[in-house]
Structure formats: C-alpha cells, structure tokens
Amino acid sequence: MNGFKEPGMRNVGSYSSMADDDDLDLSRLPDRPKLPIERQRSCDERSMTELSINVRALESFDSLYSPGGMRSGFSTPASTARNPFEPHPIIAEAWEALRRSIVYFKGEPIGTIAAYDHASEEVLNYDQVFVRDFVPSALAFLMNGEPEMVKNFLLKTLYLQGWEKRIDRFKLGEGVMPASFKVLHDPVRKTDTLVADFGESAIGRVAPVDSGFWWIILLRAYTKSTGDSSLAESPECQKGIRLILTLCLSEGFDTFPTLLCADGCSMIDRRMGIYGYPIEIQALFFMALRCALTMLKHDSEGKEFVERIVKRLHALSYHMRTYFWLDFQQLNDIYRYKTEEYSHTAVNKFNVIPDSIPDWVFDFMPTRGGYFIGNVSPARMDFRWFALGNCVAILSSLATPEQSMAVMDLIEERWEELVGEMPLKVTYPAIESHEWRIVTGCDPKNTRWSYHNGGSWPVLLWLLTAACIKTGRPQIARRAIELAENRLLKDSWPEYYDGKLGRYIGKQARKFQTWSIAGYLVAKMMLEDPSHLGMVSLEEDKAMKPLIKRSASWTCPEISLDLIL
Ligand code: GLC
C-alpha cells in the first residue's frame with residue numbers, strides 16, 4: 001500500500017492481507033466448482049458432513065458431467081423414485097407449475113412466461129418471456145438434462161437482437177438484447193409471430209442492461225452443462241457476443257472502469273436511485289466478461305475483444321474490490337475521511353462527505369462481515385445492500401475469497417434483516433418518507449418494505465444457494481430453503497413478499513411467478529448435487545499478475561497478455 005490508504009482492502013475479518021489477492025488471473029483455468037475444503041468459522045458438525053458429501057460429489061464431477069441424461073435424480077416427479085432421501089412434496093408441484101409456464105413458438109418450447117396468474121385481472125407484461133426471468137428456468141431444465149428449450153431460447157433472442165430497434169426517432173445500439181418477448185398466435189392463419197420489447201414499452205422506457213449479460217452467462221451455462229460447444233462457437237453466437245461487448249466496452253468520457261447506467265436498467269426496473277454504477281450491473285458485467293472470455297474464438301474478429309476484456313476485467317476488479325467494499329474498518333475510515341483533497345494522493349478519492357453516511361449503516365455493520373455497497377460515484381456512496389450484486393460477485397469471483405466469506409458472515413450476522421421470514425431482501429434497508437418521495441418519484445409500488453424497496457424475493461434463493469455452496473456454507477442455504485418451503489406453495493409462489501421480515505405476500509405480487517418456482521427448484525437441485533455449481537460459477541483466476549502494484553492506481557497498468565493469448 002506504500003503509504004496510500006486504499007479503502008476497503010485490508011480488513012476482512014481476521015484474514016490475511018489482501019494485497020496479493022486482488023490480482024485477477026485470467027488464464028484459462030478450467031472453472032469447475034470450487035471445493036469447499038477450508039473449514040469456515042460458522043461451519044457446524046452438520047455442515048461438515050454435508051461438505052464431505054459435496055466433496056465426494058465434486059470428485060465424481062467428470063462422470064456426472066456427461067452430455068444429456070437426467071442428472072439430478074431429485075427433481076422431476078418422474079425421477080423422485082430414485083432419490084434415496086425423501087424429497088419435499090412441493091418439488092413435484094413446482095415442476096408441474098414450471099412446465100405449465102412454457103411458451104411455444106411454432107411448436108417448439110422457447111422460454112417460460114413471467115407469471116401464470118389467472119386470478120390477476122391485470123396481466124401487464126407478465127405474459128411475456130423475460131430474459132432475466134428465464135435464467136433460473138433455464139438452469140432448472142439444464143440441471144434436469146433438458147437443454148433443448150434453452151438452446152431455442154438462446155437462438156431466438158439472438159435473432160431478436162438482430163432487429164433494428166427504434167424508440168421514437170432514436171435507434172438503439174445493435175447489441176441490445178430484449179428485456180422480454182412474446183409469441184402472438186394467430187389461430188386463423190395458424191401462424192406464430194414474435195414481438196419483443198427493448199425497453200420502449202417498459203415502465204420508464206429503460207433498456208435492460210442486464211439482458212445481454214444474462215444471455216452470455218446462460219450461453220456459458222448451456223455449454224458447460226451439455227458439453228456442446230458448437231452453439232457458442234457458431235458464427236451467429238460469436239457475433240452476438242461481440243455485439244454485446246461492443247456496447248459495454250465502448251470508450252466514453254469515463255474515468256471509472258465500471259459501467260454507467262440509467263435507473264431501472266436491471267432486475268430493479270423502476271426508479272429506485274440505482275442510477276450511476278449499480279452493483280447489480282457491475283457484478284453481472286464482470287461475470288459476463290469472464291464468461292465471454294471462455295467462449296470467444298481467438299480469430300481475427302475475436303482476438304481484439306479478448307484483449308479488451310482482459311484489460312477491463314483487470315481494472316474493474318481492482319475498482320470494485322477497492323472502492324465498493326465496505327466492512328467495519330472501512331466504514332470507520334470513511335467516517336473519519338477528510339474532504340476536498342486534491343491530487344493523486346487523495347485518500348478520499350470520490351470526495352465522499354462523511355455526513356452523508358446514513359445512520360442505519362453504523363448499526364447494521366457487524367464487526368465480522370462486509371459487502372459490496374450499492375453504488376460509488378463522486379461524493380455519493382449508496383450504502384444499501386443489494387442481494388443479486390453480492391451473490392453474483394461471489395459466483396464470478398469478483399469478490400476475493402476473503403470478501404466472499406465476509407459476505408456470508410454478514411448474511412449470518414444480519415439474518416433477521418436480510419432473510420427474516422422469507423429469503424431474500426432484494427435491497428436493504430427500505431427508503432421511506434421524504435427520501436422515498438425524492439428517490440422513487442413517489443412510486444406507490446415501491447413504498448417502504450415492498451417490491452424493490454426492501455421487499456423479499458424468493459427467486460434470489462438460487463443465487464444465495466449457489467453462493468453458499470461456493471463458499472462452503474451449505475447450512476445457510478438449507479436454513480433459507482426451509483423458510484421458503486414453509487410458505488411458497490401454500491402462498492401460490494408469489495413474486496415477492498413485503499414487510500421488514502418478509503411476512504406478507506407482496507401488495508401487488510403476482511402468484512405463480514415462474515422465477516420464484518424455478519429459483520426454488522434450482523436451489524434444491526444445487527444443494528443435492530453441488531457439481532451443478534460449475535454452470536454458474538467461475539473460479540478465481542490466479543495465473544495473471546499485474547506488472548505493477550496497485551498503489552499506483554492512477555496510472556494505466558500494463559497487462560501481460562501473452563498469458564492468455
Ligand atoms: C418486474 C420485475 C423484473 C421482472 C419482471 C417480470 O418488472 O421488477 O425484475 O423481470 O417483473 O417478472
């Protein structure tokens with residue numbers, strides 16, 4: 001650190017110095033599931049037994065990793081008979097509901113509808129296939145050895161990406177993937193037509209930045225699960241990846257490697273004060289870049305992108321691990337920040353005014369644990385917790401192993417706040433009163449402790465479970481799944497729950513929300529067979545070391561590319 005006070009990099013519990021850990025290695029290491037070998041502080045006897053089962057399961061990963069076939073043995077009603085443990089009775093119901101949500105195009109399954117809620121008078125756009133919503137469905141089908149629909153989905157969305165996209169007189173970037181699409185059936189002519197929404201019909205007209213990232217992540221999951229790399233290697237998919245990358249790697253006036261975003265451009269698709277550099281997008285951006293790197297061909301067109309990705313990943317991981325990370329020590333440092341520092345030696349790089357730290361965060365921050373905060377930009381730190389961004393940071397290894405452990409510690413320490421009676425709070429805490437008026441624009445759907453504003457979303461269970469398995473804490477996932485199991489079927493699979501503890505079915509929550517169903521199934525299947533984790537997780541890459549130390553963060557680090565080329 002050479003006299004430079006680098007926020008956030010030193011104190012993650014009592015773990016060793018992170019100075020050597022934040023260098024991202026980008027060699028093509030096989031990204032298998034990480035073996036949860038090291039015993040963590042919170043592991044009890046039960047979890048250790050589970051871990052040894054997990055290790056055995058992972059040891060036989062290669063034999064499991066055979067294309068096709070029913071691998072889960074614990075998922076569909078048909079396969080439950082083979083399960084040596086007693087499956088939870090709601091699994092069969094969940095599969096039935098999931099299959100009911102399948103959407104067909106010319107007789108082929110191409111995705112799942114967002115919600116199959118006949119009781120709701122207002123369908124809005126919940127009758128569409130959302131790209132982000134389809135991800136847990138796709139994982140469930142992949143884990144169950146049914147990849148066809150996933151392939152159809154990837155190809156259809158690729159085709160939609162190729163459309164000319166206009167909003168009023170403005171033409172959107174070529175690479176933009178739709179937020180959602182639907183199939184119009186004409187019973188008279190017997191034709192099917194696709195209609196896509198790139199943000200022009202969405203509330204607030206915001207284009208989904210996350211769609212393209214999810215598409216890349218899903219393409220890798222498909223490749224990993226089936227062992228079939230021909231789809232990813234096809235010229236169409238290679239072009240699709242490059243078009244998405246062109247959008248997010250383009251140069252602008254930015255001084256940060258993070259991606260500048262409009263409010264509402266992710267799962268949180270309404271105004272919620274996440275404009276700027278939201279963690280939800282930065283973590284997905286990082287993961288998509290790493291996934292793209294494993295799939296891009298090193299041909300004349302791909303090579304340039306590979307080089308750009310490597311540079312960006314390097315800068316992005318440094319930036320996120322340093323400036324977005326918050327733990328007790330870091331909070332204390334910010335609290336004591338001086339302001340108005342000028343020059344490269346500034347400690348308070350973004351001129352954050354300590355008075356802007358909200359009161360709640362001082363109580364919320366445990367001595368053990370930490371997390372990536374919501375947003376960092378000039379004089380603005382959004383200290384809120386965002387579940388998706390933190391889980392994806394763990395899965396993509398954007399978080400160092402120490403940071404990953406600290407996030408899990410935080411979840412344990414703040415269980416009541418972040419999980420309560422229904423996993424998992426999408427954001428914490430809720431914003432209220434005057435702040436709610438200003439930040440949400442008086443959005444009646446996003447009142448305090450509801451929907452995106454501190455609501456609890458069962459879909460996040462699969463991300464939490466994956467993060468738990470990766471960090472060797474399956475007992476946390478088990479606890480969360482038990483909570484969900486007690487209510488989800490009884491409540492007809494709501495989209496979200498409201499209240500500080502998540503006790504109430506959300507004010508305007510749809511029932512039979514597909515990703516609530518699929519998220520639960522994926523969580524169950526992953527716990528049962530941890531080798532599935534490899535589909536959605538990337539190992540930390542250690543082979544590439546930066547040539548200079550990070551104390552010189554204001555210079556442009558040189559990167560040794562020969563290691564990856
Ligand atoms: C809501 C959610 C969004 C989701 C969509 C369909 O708009 O905010 O994340 O994709 O519903 O379920």
# chains A, B, ... in the order shown; residues from 1 in each chain; ligands from 1
call {"tool": "residues_near_ligand", "arguments": {"ligand": "ligand 1", "cutoff": "6 Å", "atoms": "only C-alpha atoms and all ligand atoms", "output": "PyMOL selection string"}}
result
chain A and resi 114+126+130+132-133+267-269
call {"tool": "residues_around", "arguments": {"residues": "Asn125 (chain A)", "least_positions_apart": "5", "cutoff": "12 Å", "atoms": "only C-alpha atoms", "output": "count of residues only"}}
result
18
call {"tool": "select_by_dssp", "arguments": {"residues": "region 305-549 of chain A", "states": "alpha helix (DSSP H)", "output": "PyMOL selection string"}}
result
chain A and resi 305-319+328-335+359-364+387-395+401-413+415-418+433-440+460-470+474-487+514-528
call {"tool": "select_by_dssp", "arguments": {"residues": "region 301-539 of chain A", "states": "strand (DSSP E)", "output": "number ranges by chain"}}
result
A: 325-327, 370-372, 375-377, 380-382, 385-386, 427-428, 497-498, 504-505
call {"tool": "write_last_selection", "arguments": {"atoms": "C-alpha atoms", "output": "mmCIF file, in the first residue's frame"}}
result
data_model
loop_
_atom_site.group_PDB
_atom_site.id
_atom_site.type_symbol
_atom_site.label_atom_id
_atom_site.label_comp_id
_atom_site.auth_asym_id
_atom_site.auth_seq_id
_atom_site.Cartn_x
_atom_site.Cartn_y
_atom_site.Cartn_z
ATOM 1 C CA TRP A 325 -16.128 -2.919 -0.487
ATOM 2 C CA LEU A 326 -17.390 -1.994 2.949
ATOM 3 C CA ASP A 327 -16.668 -3.581 6.275
ATOM 4 C CA GLY A 370 -18.759 -6.990 4.874
ATOM 5 C CA TYR A 371 -20.378 -6.423 1.492
ATOM 6 C CA PHE A 372 -20.209 -4.576 -1.788
ATOM 7 C CA ASN A 375 -23.108 2.393 -5.842
ATOM 8 C CA VAL A 376 -19.981 4.546 -5.840
ATOM 9 C CA SER A 377 -19.646 7.804 -7.741
ATOM 10 C CA ARG A 380 -22.017 9.535 -3.467
ATOM 11 C CA MET A 381 -21.902 6.154 -1.842
ATOM 12 C CA ASP A 382 -25.126 4.212 -1.772
ATOM 13 C CA TRP A 385 -27.282 -3.895 0.445
ATOM 14 C CA PHE A 386 -28.216 -5.437 -2.910
ATOM 15 C CA THR A 427 -32.313 -4.357 -1.136
ATOM 16 C CA TYR A 428 -31.801 -3.313 2.455
ATOM 17 C CA TYR A 497 -43.100 -10.607 -0.010
ATOM 18 C CA ASP A 498 -43.480 -7.366 1.927
ATOM 19 C CA TYR A 504 -46.675 -10.692 3.989
ATOM 20 C CA ILE A 505 -47.385 -11.658 0.407
#
call {"tool": "atom_distance", "arguments": {"atom1": "CA of Gln238 (chain A)", "atom2": "CA of Leu296 (chain A)"}}
result
6.5 Å
call {"tool": "residues_around", "arguments": {"residues": "Ala97 (chain A)", "least_positions_apart": "3", "cutoff": "8 Å", "atoms": "only C-alpha atoms", "output": "PyMOL selection string"}}
result
chain A and resi 93-94+100-101+512+514+517
call {"tool": "write_last_selection", "arguments": {"atoms": "N, CA and C atoms", "output": "compact mmCIF listing (two decimals), in the first residue's frame"}}
result
# COMPACT_ATOMS: atom_id res chain seq x y z
N GLU A 93 -44.97 -30.45 -7.35
CA GLU A 93 -45.89 -29.35 -7.70
C GLU A 93 -45.13 -28.24 -8.41
N ALA A 94 -43.91 -27.99 -7.96
CA ALA A 94 -43.11 -26.92 -8.56
C ALA A 94 -42.80 -27.26 -10.02
N ARG A 100 -45.96 -25.75 -16.83
CA ARG A 100 -47.15 -25.03 -17.30
C ARG A 100 -46.80 -23.66 -17.87
N SER A 101 -45.65 -23.14 -17.45
CA SER A 101 -45.31 -21.77 -17.87
C SER A 101 -44.54 -21.75 -19.21
N PHE A 512 -47.95 -17.57 -8.82
CA PHE A 512 -47.33 -18.46 -9.81
C PHE A 512 -46.29 -17.71 -10.65
N THR A 514 -43.02 -17.41 -12.25
CA THR A 514 -42.19 -18.53 -12.69
C THR A 514 -40.81 -18.53 -12.04
N ILE A 517 -40.67 -20.09 -8.69
CA ILE A 517 -40.76 -21.56 -8.76
C ILE A 517 -39.41 -22.14 -9.18
call {"tool": "residues_around", "arguments": {"residues": "Ala138 (chain A)", "least_positions_apart": "4", "cutoff": "7 Å", "atoms": "only C-alpha atoms", "output": "ChimeraX atom specification"}}
result
/A:134,142,150
call {"tool": "atom_distance", "arguments": {"atom1": "CA of Phe286 (chain A)", "atom2": "CA of Gly145 (chain A)"}}
result
27.7 Å
call {"tool": "closest_residue", "arguments": {"among": "A:Val123, A:Val103, A:Ala292, A:Met272", "to": "Ile431 (chain A)", "atoms": "only C-alpha atoms"}}
result
A:Met272
call {"tool": "residues_around", "arguments": {"residues": "region 297-306 of chain A", "least_positions_apart": "6", "cutoff": "10 Å", "atoms": "only C-alpha atoms", "output": "number ranges by chain"}}
result
A: 232-235, 238-239, 241-242, 245-246, 249, 289-290, 312, 561, 564-565
call {"tool": "write_last_selection", "arguments": {"atoms": "C-alpha atoms", "output": "compact mmCIF listing (two decimals), in the first residue's frame"}}
result
# COMPACT_ATOMS: atom_id res chain seq x y z
CA ALA A 232 -21.24 -20.95 -28.60
CA GLU A 233 -18.72 -21.39 -31.41
CA SER A 234 -21.24 -20.79 -34.18
CA PRO A 235 -20.66 -17.59 -36.17
CA GLN A 238 -19.81 -15.28 -31.73
CA LYS A 239 -21.28 -12.23 -33.43
CA ILE A 241 -21.30 -11.89 -28.03
CA ARG A 242 -19.20 -9.33 -29.90
CA LEU A 245 -19.32 -6.43 -25.87
CA THR A 246 -19.15 -3.55 -28.33
CA LEU A 249 -16.67 -1.90 -23.76
CA LEU A 289 -16.92 -10.56 -19.44
CA ARG A 290 -15.37 -13.60 -17.83
CA ARG A 312 -11.23 -4.18 -18.48
CA LEU A 561 -1.46 -10.55 -22.47
CA ILE A 564 -3.99 -15.60 -22.21
CA LEU A 565 -3.27 -15.49 -25.90
call {"tool": "closest_residue", "arguments": {"among": "A:Thr255, A:Thr440, A:Thr157, A:Asn144", "to": "Thr226 (chain A)", "atoms": "only C-alpha atoms"}}
result
A:Asn144
call {"tool": "closest_residue", "arguments": {"among": "A:Lys190, A:Lys524, A:Arg99, A:Arg448", "to": "Ser433 (chain A)", "atoms": "only C-alpha atoms"}}
result
A:Arg448
call {"tool": "closest_residue", "arguments": {"among": "A:Ala393, A:Ala399, A:Ser250, A:Pro494", "to": "Leu463 (chain A)", "atoms": "only C-alpha atoms"}}
result
A:Ala393
call {"tool": "closest_residue", "arguments": {"among": "A:Gly204, A:Gly107, A:Gly240, A:Gly264", "to": "Asp192 (chain A)", "atoms": "only C-alpha atoms"}}
result
A:Gly107
call {"tool": "closest_residue", "arguments": {"among": "A:Gly273, A:Pro178, A:Gly111, A:Pro187", "to": "Phe153 (chain A)", "atoms": "only C-alpha atoms"}}
result
A:Gly111
